[in-house]
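K.L.:
Provided herewith is a single structure, encoded as structure tokens, for subsequent inquiry.
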Protein chains: 2
Amino acid sequence: MIRVLVVHSVKLFGSALAALLRAEGSFDVRVAPGLSGTGWGGGELPDVYVVDVECAGSATLMQDIASAAPGADHAPHKGALLVLVTADRPGMLRKAFDSRALGYVDKNNGAEGRLADAIRIVAKGERFVDESLAFGFLRASDVPLSARELTVLSLAAEGQSIGDMARGLRLSSGTVRNYMAAATRKVGARNRMDAVRISREAGWL
Amino acid sequence: MIRVLVVHSVKLFGSALAALLRAEGSFDVRVAPGLSGTGWGGGELPDVYVVDVECAGSATLMQDIASAAPGADHAPHKGALLVLVTADRPGMLRKAFDSRALGYVDKNNGAEGRLADAIRIVAKGERFVDESLAFGFLRASDVPLSARELTVLSLAAEGQSIGDMARGLRLSSGTVRNYMAAATRKVGARNRMDAVRISREAGWL
């Protein structure tokens, strides 16, 4: 029996995904909003983690799973990460890939039993990628923004002014303005607000 | 047997919610990304529509359901709208309320069987409101922004400049700037970007 931990910040969706899995196969499914208190004691790991990358805190969560996952001395099919993604958010795909996710299921692929099949494959230590995600992966391989540009853009999205950012990042206002201008140009935006919108929709932020 | 139409723009979540309902009660559940092609022929309506207000296009969808729902000459328990919401987005609650939703289920309330219970109540024509949503409703009753301010803010969020908006709305640049300043002040924001962020998080946009 494959042990599956569904991690979702929205409780109703966690329960709903668990119900779907219980209906589609013989899985031992638990649901949790995070990694602690998952119900498996004695240092045991689930066979597969299912994580929605659009959940609040998913980036940190995926990193934690990657750290909790086994090194070379463990069986390769323990604690595998399977992510729920969409093709139109390459930044999210990138984060999942960087967290060594083994399975990638398209939330907009309506094929029945898809998630259950993917879990069975990933539990064997094999990679699973929904074919509808191919184009998203191509785009994800090409991050348009530098780490600094991403930082400045995400602070701007939080409502920080150039002055706030300059103080917080210990940079000159001119430098912050340059990062912002570069980011706006690179994503093909008309202005700052537009750059935030485009970057967010792509999943870079 | 209560007939339930789950409308969700994300296919996997639609299927998962349907699986949850099938596990929790005897419902005749269908899933669709919109109102057309729902599988009930002959002009029949489902007893209850379940709509996630955070779905793409949910505002239009809720209006369409309100229009499709019966007038005074029909039984009151046909075509009732039940929405999935969260307490921290009063603007979304407001939109649901304006669409005459009868049921309000908190997506972050983890109580088992909650959604099924709510559907049974709404199907009888009775109101259902998750108690955890009370505070959100209080906030929702007090929309801070005028329709014009909301329009300007949402165009700004799309990346339009003051000039773009002035042309599109046939207003002077000064007037657009005034609406923007009023909106920024009313939501307690530091600047335009901050106003968009705050309004979006509250669900006004």
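Residues are named by chain letter and number: chains run A, B, ... in the order of the structure tokens, numbers start at 1 in each chain, and ligands are numbered from 1 in the order shown.
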Could you name the residues that touch range 62-66 of chain B at 12 Å or less, counting only C-alpha atoms, but leaving out those on the same chain fewer than 5 positions away, as a PDB file with all heavy atoms, in the first residue's frame?

P.N.:
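See result-v7.pdb below for the written result:
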ATOM      1  N   LEU B   5     -24.065  20.446  -9.067  1.00  0.00           N
ATOM      2  CA  LEU B   5     -23.117  20.771 -10.130  1.00  0.00           C
ATOM      3  C   LEU B   5     -21.930  21.505  -9.512  1.00  0.00           C
ATOM      4  O   LEU B   5     -22.086  22.610  -8.975  1.00  0.00           O
ATOM      5  CB  LEU B   5     -23.764  21.659 -11.197  1.00  0.00           C
ATOM      6  CG  LEU B   5     -22.812  22.089 -12.319  1.00  0.00           C
ATOM      7  CD1 LEU B   5     -22.308  20.889 -13.109  1.00  0.00           C
ATOM      8  CD2 LEU B   5     -23.485  23.082 -13.259  1.00  0.00           C
ATOM      9  N   VAL B   7     -18.768  23.547 -10.138  1.00  0.00           N
ATOM     10  CA  VAL B   7     -18.144  24.322 -11.214  1.00  0.00           C
ATOM     11  C   VAL B   7     -16.774  24.778 -10.737  1.00  0.00           C
ATOM     12  O   VAL B   7     -16.666  25.498  -9.740  1.00  0.00           O
ATOM     13  CB  VAL B   7     -18.992  25.562 -11.579  1.00  0.00           C
ATOM     14  CG1 VAL B   7     -18.465  26.195 -12.857  1.00  0.00           C
ATOM     15  CG2 VAL B   7     -20.455  25.198 -11.734  1.00  0.00           C
ATOM     16  N   HIS B   8     -15.732  24.332 -11.409  1.00  0.00           N
ATOM     17  CA  HIS B   8     -14.382  24.755 -11.019  1.00  0.00           C
ATOM     18  C   HIS B   8     -13.506  24.885 -12.255  1.00  0.00           C
ATOM     19  O   HIS B   8     -13.540  24.032 -13.129  1.00  0.00           O
ATOM     20  CB  HIS B   8     -13.767  23.755 -10.039  1.00  0.00           C
ATOM     21  CG  HIS B   8     -12.782  24.404  -9.101  1.00  0.00           C
ATOM     22  ND1 HIS B   8     -11.571  24.886  -9.531  1.00  0.00           N
ATOM     23  CD2 HIS B   8     -12.843  24.681  -7.789  1.00  0.00           C
ATOM     24  CE1 HIS B   8     -10.927  25.421  -8.504  1.00  0.00           C
ATOM     25  NE2 HIS B   8     -11.678  25.312  -7.431  1.00  0.00           N
ATOM     26  N   GLY B  34     -17.796  25.326 -16.540  1.00  0.00           N
ATOM     27  CA  GLY B  34     -18.704  26.459 -16.697  1.00  0.00           C
ATOM     28  C   GLY B  34     -20.136  25.965 -16.694  1.00  0.00           C
ATOM     29  O   GLY B  34     -20.382  24.808 -16.365  1.00  0.00           O
ATOM     30  N   LEU B  35     -21.079  26.821 -17.097  1.00  0.00           N
ATOM     31  CA  LEU B  35     -22.481  26.430 -16.989  1.00  0.00           C
ATOM     32  C   LEU B  35     -22.991  25.611 -18.161  1.00  0.00           C
ATOM     33  O   LEU B  35     -23.992  24.925 -18.057  1.00  0.00           O
ATOM     34  CB  LEU B  35     -23.363  27.676 -16.834  1.00  0.00           C
ATOM     35  CG  LEU B  35     -23.351  28.313 -15.450  1.00  0.00           C
ATOM     36  CD1 LEU B  35     -24.473  29.317 -15.329  1.00  0.00           C
ATOM     37  CD2 LEU B  35     -23.478  27.251 -14.364  1.00  0.00           C
ATOM     38  N   SER B  36     -22.288  25.683 -19.313  1.00  0.00           N
ATOM     39  CA  SER B  36     -22.784  24.952 -20.479  1.00  0.00           C
ATOM     40  C   SER B  36     -22.290  23.513 -20.457  1.00  0.00           C
ATOM     41  O   SER B  36     -21.252  23.195 -19.884  1.00  0.00           O
ATOM     42  CB  SER B  36     -22.324  25.659 -21.762  1.00  0.00           C
ATOM     43  OG  SER B  36     -20.931  25.805 -21.745  1.00  0.00           O
ATOM     44  N   LEU B  45     -32.392  21.985 -14.069  1.00  0.00           N
ATOM     45  CA  LEU B  45     -31.346  22.636 -13.284  1.00  0.00           C
ATOM     46  C   LEU B  45     -30.848  21.686 -12.202  1.00  0.00           C
ATOM     47  O   LEU B  45     -31.607  20.848 -11.723  1.00  0.00           O
ATOM     48  CB  LEU B  45     -31.901  23.877 -12.578  1.00  0.00           C
ATOM     49  CG  LEU B  45     -32.239  25.111 -13.384  1.00  0.00           C
ATOM     50  CD1 LEU B  45     -32.924  26.129 -12.489  1.00  0.00           C
ATOM     51  CD2 LEU B  45     -30.976  25.700 -13.988  1.00  0.00           C
ATOM     52  N   PRO B  46     -29.592  21.825 -11.801  1.00  0.00           N
ATOM     53  CA  PRO B  46     -29.170  21.091 -10.610  1.00  0.00           C
ATOM     54  C   PRO B  46     -29.869  21.708  -9.390  1.00  0.00           C
ATOM     55  O   PRO B  46     -30.348  22.838  -9.455  1.00  0.00           O
ATOM     56  CB  PRO B  46     -27.668  21.336 -10.562  1.00  0.00           C
ATOM     57  CG  PRO B  46     -27.450  22.581 -11.341  1.00  0.00           C
ATOM     58  CD  PRO B  46     -28.524  22.630 -12.378  1.00  0.00           C
ATOM     59  N   ASP B  47     -29.928  20.971  -8.299  1.00  0.00           N
ATOM     60  CA  ASP B  47     -30.509  21.521  -7.082  1.00  0.00           C
ATOM     61  C   ASP B  47     -29.558  22.547  -6.467  1.00  0.00           C
ATOM     62  O   ASP B  47     -29.979  23.568  -5.949  1.00  0.00           O
ATOM     63  CB  ASP B  47     -30.778  20.399  -6.065  1.00  0.00           C
ATOM     64  CG  ASP B  47     -31.792  19.417  -6.604  1.00  0.00           C
ATOM     65  OD1 ASP B  47     -32.877  19.855  -7.007  1.00  0.00           O
ATOM     66  OD2 ASP B  47     -31.477  18.218  -6.665  1.00  0.00           O
ATOM     67  N   VAL B  48     -28.265  22.232  -6.525  1.00  0.00           N
ATOM     68  CA  VAL B  48     -27.267  23.111  -5.912  1.00  0.00           C
ATOM     69  C   VAL B  48     -26.060  23.273  -6.831  1.00  0.00           C
ATOM     70  O   VAL B  48     -25.547  22.293  -7.369  1.00  0.00           O
ATOM     71  CB  VAL B  48     -26.788  22.546  -4.546  1.00  0.00           C
ATOM     72  CG1 VAL B  48     -25.735  23.448  -3.923  1.00  0.00           C
ATOM     73  CG2 VAL B  48     -27.966  22.363  -3.583  1.00  0.00           C
ATOM     74  N   TYR B  49     -25.637  24.512  -7.025  1.00  0.00           N
ATOM     75  CA  TYR B  49     -24.375  24.801  -7.706  1.00  0.00           C
ATOM     76  C   TYR B  49     -23.311  25.039  -6.644  1.00  0.00           C
ATOM     77  O   TYR B  49     -23.554  25.812  -5.709  1.00  0.00           O
ATOM     78  CB  TYR B  49     -24.463  26.109  -8.500  1.00  0.00           C
ATOM     79  CG  TYR B  49     -25.445  26.144  -9.628  1.00  0.00           C
ATOM     80  CD1 TYR B  49     -26.743  26.603  -9.425  1.00  0.00           C
ATOM     81  CD2 TYR B  49     -25.068  25.766 -10.907  1.00  0.00           C
ATOM     82  CE1 TYR B  49     -27.651  26.675 -10.469  1.00  0.00           C
ATOM     83  CE2 TYR B  49     -25.973  25.838 -11.965  1.00  0.00           C
ATOM     84  CZ  TYR B  49     -27.263  26.288 -11.740  1.00  0.00           C
ATOM     85  OH  TYR B  49     -28.145  26.365 -12.772  1.00  0.00           O
ATOM     86  N   VAL B  50     -22.146  24.415  -6.804  1.00  0.00           N
ATOM     87  CA  VAL B  50     -21.030  24.680  -5.897  1.00  0.00           C
ATOM     88  C   VAL B  50     -19.960  25.426  -6.685  1.00  0.00           C
ATOM     89  O   VAL B  50     -19.449  24.926  -7.685  1.00  0.00           O
ATOM     90  CB  VAL B  50     -20.452  23.374  -5.314  1.00  0.00           C
ATOM     91  CG1 VAL B  50     -19.211  23.662  -4.491  1.00  0.00           C
ATOM     92  CG2 VAL B  50     -21.505  22.666  -4.463  1.00  0.00           C
ATOM     93  N   VAL B  51     -19.644  26.646  -6.252  1.00  0.00           N
ATOM     94  CA  VAL B  51     -18.704  27.497  -6.988  1.00  0.00           C
ATOM     95  C   VAL B  51     -17.608  28.017  -6.051  1.00  0.00           C
ATOM     96  O   VAL B  51     -17.902  28.526  -4.965  1.00  0.00           O
ATOM     97  CB  VAL B  51     -19.437  28.711  -7.611  1.00  0.00           C
ATOM     98  CG1 VAL B  51     -18.448  29.675  -8.244  1.00  0.00           C
ATOM     99  CG2 VAL B  51     -20.467  28.260  -8.634  1.00  0.00           C
ATOM    100  N   ASP B  52     -16.369  27.857  -6.484  1.00  0.00           N
ATOM    101  CA  ASP B  52     -15.243  28.436  -5.748  1.00  0.00           C
ATOM    102  C   ASP B  52     -15.080  29.884  -6.203  1.00  0.00           C
ATOM    103  O   ASP B  52     -14.796  30.132  -7.374  1.00  0.00           O
ATOM    104  CB  ASP B  52     -13.974  27.628  -6.072  1.00  0.00           C
ATOM    105  CG  ASP B  52     -12.767  28.099  -5.275  1.00  0.00           C
ATOM    106  OD1 ASP B  52     -12.821  29.191  -4.680  1.00  0.00           O
ATOM    107  OD2 ASP B  52     -11.762  27.370  -5.260  1.00  0.00           O
ATOM    108  N   VAL B  53     -15.264  30.844  -5.290  1.00  0.00           N
ATOM    109  CA  VAL B  53     -15.234  32.246  -5.718  1.00  0.00           C
ATOM    110  C   VAL B  53     -13.853  32.688  -6.191  1.00  0.00           C
ATOM    111  O   VAL B  53     -13.729  33.711  -6.857  1.00  0.00           O
ATOM    112  CB  VAL B  53     -15.717  33.227  -4.624  1.00  0.00           C
ATOM    113  CG1 VAL B  53     -17.155  32.968  -4.262  1.00  0.00           C
ATOM    114  CG2 VAL B  53     -14.835  33.169  -3.409  1.00  0.00           C
ATOM    115  N   GLU B  54     -12.816  31.926  -5.844  1.00  0.00           N
ATOM    116  CA  GLU B  54     -11.481  32.328  -6.291  1.00  0.00           C
ATOM    117  C   GLU B  54     -11.120  31.779  -7.667  1.00  0.00           C
ATOM    118  O   GLU B  54     -10.032  32.005  -8.171  1.00  0.00           O
ATOM    119  CB  GLU B  54     -10.438  31.929  -5.246  1.00  0.00           C
ATOM    120  CG  GLU B  54     -10.392  32.963  -4.134  1.00  0.00           C
ATOM    121  CD  GLU B  54      -9.619  32.496  -2.922  1.00  0.00           C
ATOM    122  OE1 GLU B  54     -10.081  31.561  -2.250  1.00  0.00           O
ATOM    123  OE2 GLU B  54      -8.567  33.068  -2.649  1.00  0.00           O
ATOM    124  N   CYS B  55     -12.046  31.047  -8.280  1.00  0.00           N
ATOM    125  CA  CYS B  55     -11.831  30.561  -9.636  1.00  0.00           C
ATOM    126  C   CYS B  55     -11.794  31.708 -10.627  1.00  0.00           C
ATOM    127  O   CYS B  55     -12.470  32.712 -10.425  1.00  0.00           O
ATOM    128  CB  CYS B  55     -12.994  29.685 -10.066  1.00  0.00           C
ATOM    129  SG  CYS B  55     -12.756  27.999  -9.682  1.00  0.00           S
ATOM    130  N   ALA B  56     -11.061  31.495 -11.713  1.00  0.00           N
ATOM    131  CA  ALA B  56     -11.113  32.448 -12.812  1.00  0.00           C
ATOM    132  C   ALA B  56     -12.556  32.544 -13.295  1.00  0.00           C
ATOM    133  O   ALA B  56     -13.228  31.533 -13.470  1.00  0.00           O
ATOM    134  CB  ALA B  56     -10.206  31.963 -13.940  1.00  0.00           C
ATOM    135  N   GLY B  57     -13.039  33.766 -13.479  1.00  0.00           N
ATOM    136  CA  GLY B  57     -14.376  33.976 -14.031  1.00  0.00           C
ATOM    137  C   GLY B  57     -15.519  33.711 -13.076  1.00  0.00           C
ATOM    138  O   GLY B  57     -16.673  33.635 -13.499  1.00  0.00           O
ATOM    139  N   GLY B  71     -37.335  32.334 -10.441  1.00  0.00           N
ATOM    140  CA  GLY B  71     -38.033  33.472  -9.845  1.00  0.00           C
ATOM    141  C   GLY B  71     -39.026  32.957  -8.827  1.00  0.00           C
ATOM    142  O   GLY B  71     -38.922  31.838  -8.351  1.00  0.00           O
ATOM    143  N   LYS B  78     -34.522  25.118  -5.983  1.00  0.00           N
ATOM    144  CA  LYS B  78     -33.944  24.733  -7.274  1.00  0.00           C
ATOM    145  C   LYS B  78     -32.850  25.720  -7.659  1.00  0.00           C
ATOM    146  O   LYS B  78     -33.076  26.925  -7.603  1.00  0.00           O
ATOM    147  CB  LYS B  78     -35.026  24.751  -8.362  1.00  0.00           C
ATOM    148  CG  LYS B  78     -35.872  23.504  -8.427  1.00  0.00           C
ATOM    149  CD  LYS B  78     -35.118  22.354  -9.078  1.00  0.00           C
ATOM    150  CE  LYS B  78     -35.865  21.041  -8.808  1.00  0.00           C
ATOM    151  NZ  LYS B  78     -35.039  19.866  -9.027  1.00  0.00           N
ATOM    152  N   GLY B  79     -31.695  25.193  -8.059  1.00  0.00           N
ATOM    153  CA  GLY B  79     -30.648  26.075  -8.545  1.00  0.00           C
ATOM    154  C   GLY B  79     -30.056  26.989  -7.500  1.00  0.00           C
ATOM    155  O   GLY B  79     -29.680  28.115  -7.803  1.00  0.00           O
ATOM    156  N   ALA B  80     -29.966  26.516  -6.274  1.00  0.00           N
ATOM    157  CA  ALA B  80     -29.368  27.338  -5.216  1.00  0.00           C
ATOM    158  C   ALA B  80     -27.857  27.416  -5.400  1.00  0.00           C
ATOM    159  O   ALA B  80     -27.224  26.465  -5.861  1.00  0.00           O
ATOM    160  CB  ALA B  80     -29.709  26.758  -3.851  1.00  0.00           C
ATOM    161  N   LEU B  81     -27.298  28.558  -5.038  1.00  0.00           N
ATOM    162  CA  LEU B  81     -25.854  28.761  -5.178  1.00  0.00           C
ATOM    163  C   LEU B  81     -25.156  28.598  -3.837  1.00  0.00           C
ATOM    164  O   LEU B  81     -25.534  29.229  -2.842  1.00  0.00           O
ATOM    165  CB  LEU B  81     -25.599  30.171  -5.736  1.00  0.00           C
ATOM    166  CG  LEU B  81     -24.153  30.666  -5.782  1.00  0.00           C
ATOM    167  CD1 LEU B  81     -23.278  29.759  -6.653  1.00  0.00           C
ATOM    168  CD2 LEU B  81     -24.100  32.100  -6.324  1.00  0.00           C
ATOM    169  N   LEU B  82     -24.149  27.719  -3.824  1.00  0.00           N
ATOM    170  CA  LEU B  82     -23.311  27.551  -2.630  1.00  0.00           C
ATOM    171  C   LEU B  82     -21.891  27.921  -3.014  1.00  0.00           C
ATOM    172  O   LEU B  82     -21.353  27.400  -4.001  1.00  0.00           O
ATOM    173  CB  LEU B  82     -23.380  26.102  -2.139  1.00  0.00           C
ATOM    174  CG  LEU B  82     -22.626  25.788  -0.842  1.00  0.00           C
ATOM    175  CD1 LEU B  82     -23.301  24.634  -0.111  1.00  0.00           C
ATOM    176  CD2 LEU B  82     -21.179  25.415  -1.116  1.00  0.00           C
ATOM    177  N   VAL B  83     -21.276  28.827  -2.281  1.00  0.00           N
ATOM    178  CA  VAL B  83     -19.933  29.279  -2.643  1.00  0.00           C
ATOM    179  C   VAL B  83     -18.883  28.786  -1.647  1.00  0.00           C
ATOM    180  O   VAL B  83     -19.157  28.634  -0.458  1.00  0.00           O
ATOM    181  CB  VAL B  83     -19.851  30.817  -2.751  1.00  0.00           C
ATOM    182  CG1 VAL B  83     -20.627  31.302  -3.958  1.00  0.00           C
ATOM    183  CG2 VAL B  83     -20.342  31.494  -1.481  1.00  0.00           C
ATOM    184  N   LEU B  84     -17.696  28.521  -2.173  1.00  0.00           N
ATOM    185  CA  LEU B  84     -16.533  28.169  -1.359  1.00  0.00           C
ATOM    186  C   LEU B  84     -15.699  29.423  -1.218  1.00  0.00           C
ATOM    187  O   LEU B  84     -15.262  30.004  -2.219  1.00  0.00           O
ATOM    188  CB  LEU B  84     -15.719  27.066  -2.040  1.00  0.00           C
ATOM    189  CG  LEU B  84     -16.520  25.838  -2.478  1.00  0.00           C
ATOM    190  CD1 LEU B  84     -15.610  24.852  -3.202  1.00  0.00           C
ATOM    191  CD2 LEU B  84     -17.190  25.194  -1.280  1.00  0.00           C
ATOM    192  N   MET B  92     -14.659  39.124  -2.012  1.00  0.00           N
ATOM    193  CA  MET B  92     -15.223  37.923  -2.619  1.00  0.00           C
ATOM    194  C   MET B  92     -16.550  37.554  -1.970  1.00  0.00           C
ATOM    195  O   MET B  92     -17.505  37.172  -2.634  1.00  0.00           O
ATOM    196  CB  MET B  92     -14.256  36.744  -2.439  1.00  0.00           C
ATOM    197  CG  MET B  92     -12.960  36.892  -3.178  1.00  0.00           C
ATOM    198  SD  MET B  92     -13.237  36.838  -4.975  1.00  0.00           S
ATOM    199  CE  MET B  92     -11.532  36.793  -5.527  1.00  0.00           C
ATOM    200  N   LEU B  93     -16.594  37.675  -0.637  1.00  0.00           N
ATOM    201  CA  LEU B  93     -17.837  37.415   0.099  1.00  0.00           C
ATOM    202  C   LEU B  93     -18.935  38.347  -0.406  1.00  0.00           C
ATOM    203  O   LEU B  93     -20.074  37.950  -0.612  1.00  0.00           O
ATOM    204  CB  LEU B  93     -17.622  37.650   1.592  1.00  0.00           C
ATOM    205  CG  LEU B  93     -17.031  36.500   2.396  1.00  0.00           C
ATOM    206  CD1 LEU B  93     -16.754  36.944   3.821  1.00  0.00           C
ATOM    207  CD2 LEU B  93     -17.981  35.317   2.402  1.00  0.00           C
ATOM    208  N   ARG B  94     -18.528  39.588  -0.602  1.00  0.00           N
ATOM    209  CA  ARG B  94     -19.475  40.595  -1.068  1.00  0.00           C
ATOM    210  C   ARG B  94     -20.062  40.203  -2.426  1.00  0.00           C
ATOM    211  O   ARG B  94     -21.257  40.278  -2.657  1.00  0.00           O
ATOM    212  CB  ARG B  94     -18.735  41.930  -1.180  1.00  0.00           C
ATOM    213  CG  ARG B  94     -19.577  43.077  -1.659  1.00  0.00           C
ATOM    214  CD  ARG B  94     -20.344  43.660  -0.522  1.00  0.00           C
ATOM    215  NE  ARG B  94     -21.679  44.058  -0.941  1.00  0.00           N
ATOM    216  CZ  ARG B  94     -22.579  44.571  -0.111  1.00  0.00           C
ATOM    217  NH1 ARG B  94     -22.314  44.701   1.155  1.00  0.00           N
ATOM    218  NH2 ARG B  94     -23.764  44.919  -0.542  1.00  0.00           N
ATOM    219  N   LYS B  95     -19.167  39.783  -3.341  1.00  0.00           N
ATOM    220  CA  LYS B  95     -19.626  39.402  -4.684  1.00  0.00           C
ATOM    221  C   LYS B  95     -20.593  38.222  -4.601  1.00  0.00           C
ATOM    222  O   LYS B  95     -21.586  38.159  -5.317  1.00  0.00           O
ATOM    223  CB  LYS B  95     -18.432  39.058  -5.582  1.00  0.00           C
ATOM    224  CG  LYS B  95     -17.737  40.293  -6.139  1.00  0.00           C
ATOM    225  CD  LYS B  95     -16.474  39.924  -6.923  1.00  0.00           C
ATOM    226  CE  LYS B  95     -15.591  41.159  -7.096  1.00  0.00           C
ATOM    227  NZ  LYS B  95     -14.163  40.802  -7.263  1.00  0.00           N
ATOM    228  N   ALA B  96     -20.267  37.262  -3.729  1.00  0.00           N
ATOM    229  CA  ALA B  96     -21.139  36.093  -3.569  1.00  0.00           C
ATOM    230  C   ALA B  96     -22.494  36.529  -3.023  1.00  0.00           C
ATOM    231  O   ALA B  96     -23.546  36.095  -3.498  1.00  0.00           O
ATOM    232  CB  ALA B  96     -20.485  35.084  -2.634  1.00  0.00           C
ATOM    233  N   PHE B  97     -22.454  37.419  -2.044  1.00  0.00           N
ATOM    234  CA  PHE B  97     -23.691  37.903  -1.424  1.00  0.00           C
ATOM    235  C   PHE B  97     -24.553  38.635  -2.454  1.00  0.00           C
ATOM    236  O   PHE B  97     -25.761  38.437  -2.534  1.00  0.00           O
ATOM    237  CB  PHE B  97     -23.339  38.828  -0.245  1.00  0.00           C
ATOM    238  CG  PHE B  97     -24.527  39.253   0.551  1.00  0.00           C
ATOM    239  CD1 PHE B  97     -25.129  38.378   1.451  1.00  0.00           C
ATOM    240  CD2 PHE B  97     -25.066  40.523   0.398  1.00  0.00           C
ATOM    241  CE1 PHE B  97     -26.239  38.759   2.187  1.00  0.00           C
ATOM    242  CE2 PHE B  97     -26.176  40.920   1.137  1.00  0.00           C
ATOM    243  CZ  PHE B  97     -26.765  40.037   2.033  1.00  0.00           C
ATOM    244  N   ASP B  98     -23.879  39.469  -3.268  1.00  0.00           N
ATOM    245  CA  ASP B  98     -24.593  40.212  -4.310  1.00  0.00           C
ATOM    246  C   ASP B  98     -25.200  39.278  -5.355  1.00  0.00           C
ATOM    247  O   ASP B  98     -26.138  39.640  -6.053  1.00  0.00           O
ATOM    248  CB  ASP B  98     -23.654  41.222  -4.985  1.00  0.00           C
ATOM    249  CG  ASP B  98     -23.303  42.385  -4.050  1.00  0.00           C
ATOM    250  OD1 ASP B  98     -24.007  42.549  -3.028  1.00  0.00           O
ATOM    251  OD2 ASP B  98     -22.340  43.106  -4.331  1.00  0.00           O
ATOM    252  N   SER B  99     -24.623  38.081  -5.493  1.00  0.00           N
ATOM    253  CA  SER B  99     -25.150  37.094  -6.445  1.00  0.00           C
ATOM    254  C   SER B  99     -26.194  36.201  -5.781  1.00  0.00           C
ATOM    255  O   SER B  99     -26.541  35.146  -6.293  1.00  0.00           O
ATOM    256  CB  SER B  99     -24.022  36.230  -6.997  1.00  0.00           C
ATOM    257  OG  SER B  99     -23.019  37.014  -7.577  1.00  0.00           O
ATOM    258  N   ARG B 100     -26.667  36.586  -4.616  1.00  0.00           N
ATOM    259  CA  ARG B 100     -27.717  35.867  -3.893  1.00  0.00           C
ATOM    260  C   ARG B 100     -27.334  34.422  -3.565  1.00  0.00           C
ATOM    261  O   ARG B 100     -28.160  33.511  -3.659  1.00  0.00           O
ATOM    262  CB  ARG B 100     -29.031  35.901  -4.680  1.00  0.00           C
ATOM    263  CG  ARG B 100     -29.601  37.321  -4.776  1.00  0.00           C
ATOM    264  CD  ARG B 100     -30.965  37.319  -5.437  1.00  0.00           C
ATOM    265  NE  ARG B 100     -30.839  37.195  -6.874  1.00  0.00           N
ATOM    266  CZ  ARG B 100     -31.720  36.578  -7.659  1.00  0.00           C
ATOM    267  NH1 ARG B 100     -32.781  36.010  -7.147  1.00  0.00           N
ATOM    268  NH2 ARG B 100     -31.546  36.552  -8.964  1.00  0.00           N
ATOM    269  N   ALA B 101     -26.069  34.204  -3.205  1.00  0.00           N
ATOM    270  CA  ALA B 101     -25.664  32.866  -2.780  1.00  0.00           C
ATOM    271  C   ALA B 101     -26.387  32.509  -1.482  1.00  0.00           C
ATOM    272  O   ALA B 101     -26.573  33.367  -0.620  1.00  0.00           O
ATOM    273  CB  ALA B 101     -24.156  32.810  -2.577  1.00  0.00           C
ATOM    274  N   LEU B 102     -26.783  31.238  -1.375  1.00  0.00           N
ATOM    275  CA  LEU B 102     -27.539  30.791  -0.203  1.00  0.00           C
ATOM    276  C   LEU B 102     -26.603  30.103   0.800  1.00  0.00           C
ATOM    277  O   LEU B 102     -26.837  30.125   2.003  1.00  0.00           O
ATOM    278  CB  LEU B 102     -28.626  29.818  -0.666  1.00  0.00           C
ATOM    279  CG  LEU B 102     -29.863  29.625   0.204  1.00  0.00           C
ATOM    280  CD1 LEU B 102     -30.541  30.938   0.529  1.00  0.00           C
ATOM    281  CD2 LEU B 102     -30.855  28.690  -0.518  1.00  0.00           C
TER     282      LEU B 102
END

K.L.:
Counting only C-alpha atoms, which residues from chain B have an atom at most 6 Å from any atom of chain A, and could you show them as a list in words?

P.N.:
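Output check: Val10, Lys11, Leu12, Ala16, Leu17, Ala19, Leu20, Lys107, Asn108, Gly110, Gly159, Met193 and Asp194 of chain B.
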
K.L.:
Using only C-alpha atoms, which residues sit within 8 Å of range 143-148 of chain B once same-chain residues fewer than 4 positions away are excluded, as a short mmCIF file (atom, residue, chain, number, x, y, z; two decimals) with all heavy atoms, in the first residue's frame?

P.N.:
data_model
loop_
_atom_site.label_atom_id
_atom_site.label_comp_id
_atom_site.auth_asym_id
_atom_site.auth_seq_id
_atom_site.Cartn_x
_atom_site.Cartn_y
_atom_site.Cartn_z
N GLY B 91 -14.06 41.09 -0.15
CA GLY B 91 -14.59 41.49 -1.45
C GLY B 91 -15.25 40.32 -2.17
O GLY B 91 -16.25 40.47 -2.86
N ARG B 139 -16.71 42.70 7.54
CA ARG B 139 -15.84 43.54 6.72
C ARG B 139 -16.43 43.73 5.33
O ARG B 139 -16.28 44.78 4.71
CB ARG B 139 -14.44 42.93 6.63
CG ARG B 139 -13.67 43.06 7.93
CD ARG B 139 -12.44 42.17 7.92
NE ARG B 139 -11.44 42.58 6.96
CZ ARG B 139 -10.58 41.75 6.38
NH1 ARG B 139 -10.62 40.46 6.67
NH2 ARG B 139 -9.70 42.19 5.53
N VAL B 152 -10.51 52.00 -11.87
CA VAL B 152 -9.18 52.58 -12.09
C VAL B 152 -8.10 51.68 -11.48
O VAL B 152 -7.07 51.40 -12.10
CB VAL B 152 -9.13 54.01 -11.49
CG1 VAL B 152 -7.71 54.50 -11.37
CG2 VAL B 152 -9.96 54.97 -12.35
N TYR B 179 -8.94 59.70 -8.73
CA TYR B 179 -9.54 58.42 -8.33
C TYR B 179 -8.48 57.52 -7.71
O TYR B 179 -8.69 56.86 -6.71
CB TYR B 179 -10.16 57.71 -9.55
CG TYR B 179 -11.49 58.27 -9.97
CD1 TYR B 179 -11.75 58.59 -11.30
CD2 TYR B 179 -12.51 58.46 -9.04
CE1 TYR B 179 -12.98 59.10 -11.71
CE2 TYR B 179 -13.75 58.98 -9.43
CZ TYR B 179 -13.97 59.29 -10.76
OH TYR B 179 -15.19 59.80 -11.14
N ALA B 183 -8.39 56.08 -3.93
CA ALA B 183 -8.37 54.64 -3.67
C ALA B 183 -7.18 54.28 -2.78
O ALA B 183 -7.31 53.51 -1.82
CB ALA B 183 -8.30 53.87 -4.99
N LYS B 186 -7.90 55.51 0.78
CA LYS B 186 -8.98 54.77 1.45
C LYS B 186 -8.55 53.39 1.95
O LYS B 186 -9.02 52.93 2.99
CB LYS B 186 -10.18 54.60 0.51
CG LYS B 186 -11.02 55.85 0.37
CD LYS B 186 -12.23 55.53 -0.49
CE LYS B 186 -13.11 56.74 -0.72
NZ LYS B 186 -14.21 56.40 -1.66
N VAL B 187 -7.72 52.69 1.17
CA VAL B 187 -7.32 51.35 1.61
C VAL B 187 -6.09 51.40 2.51
O VAL B 187 -5.58 50.37 2.94
CB VAL B 187 -7.08 50.37 0.42
CG1 VAL B 187 -8.33 50.25 -0.43
CG2 VAL B 187 -5.88 50.80 -0.41
#
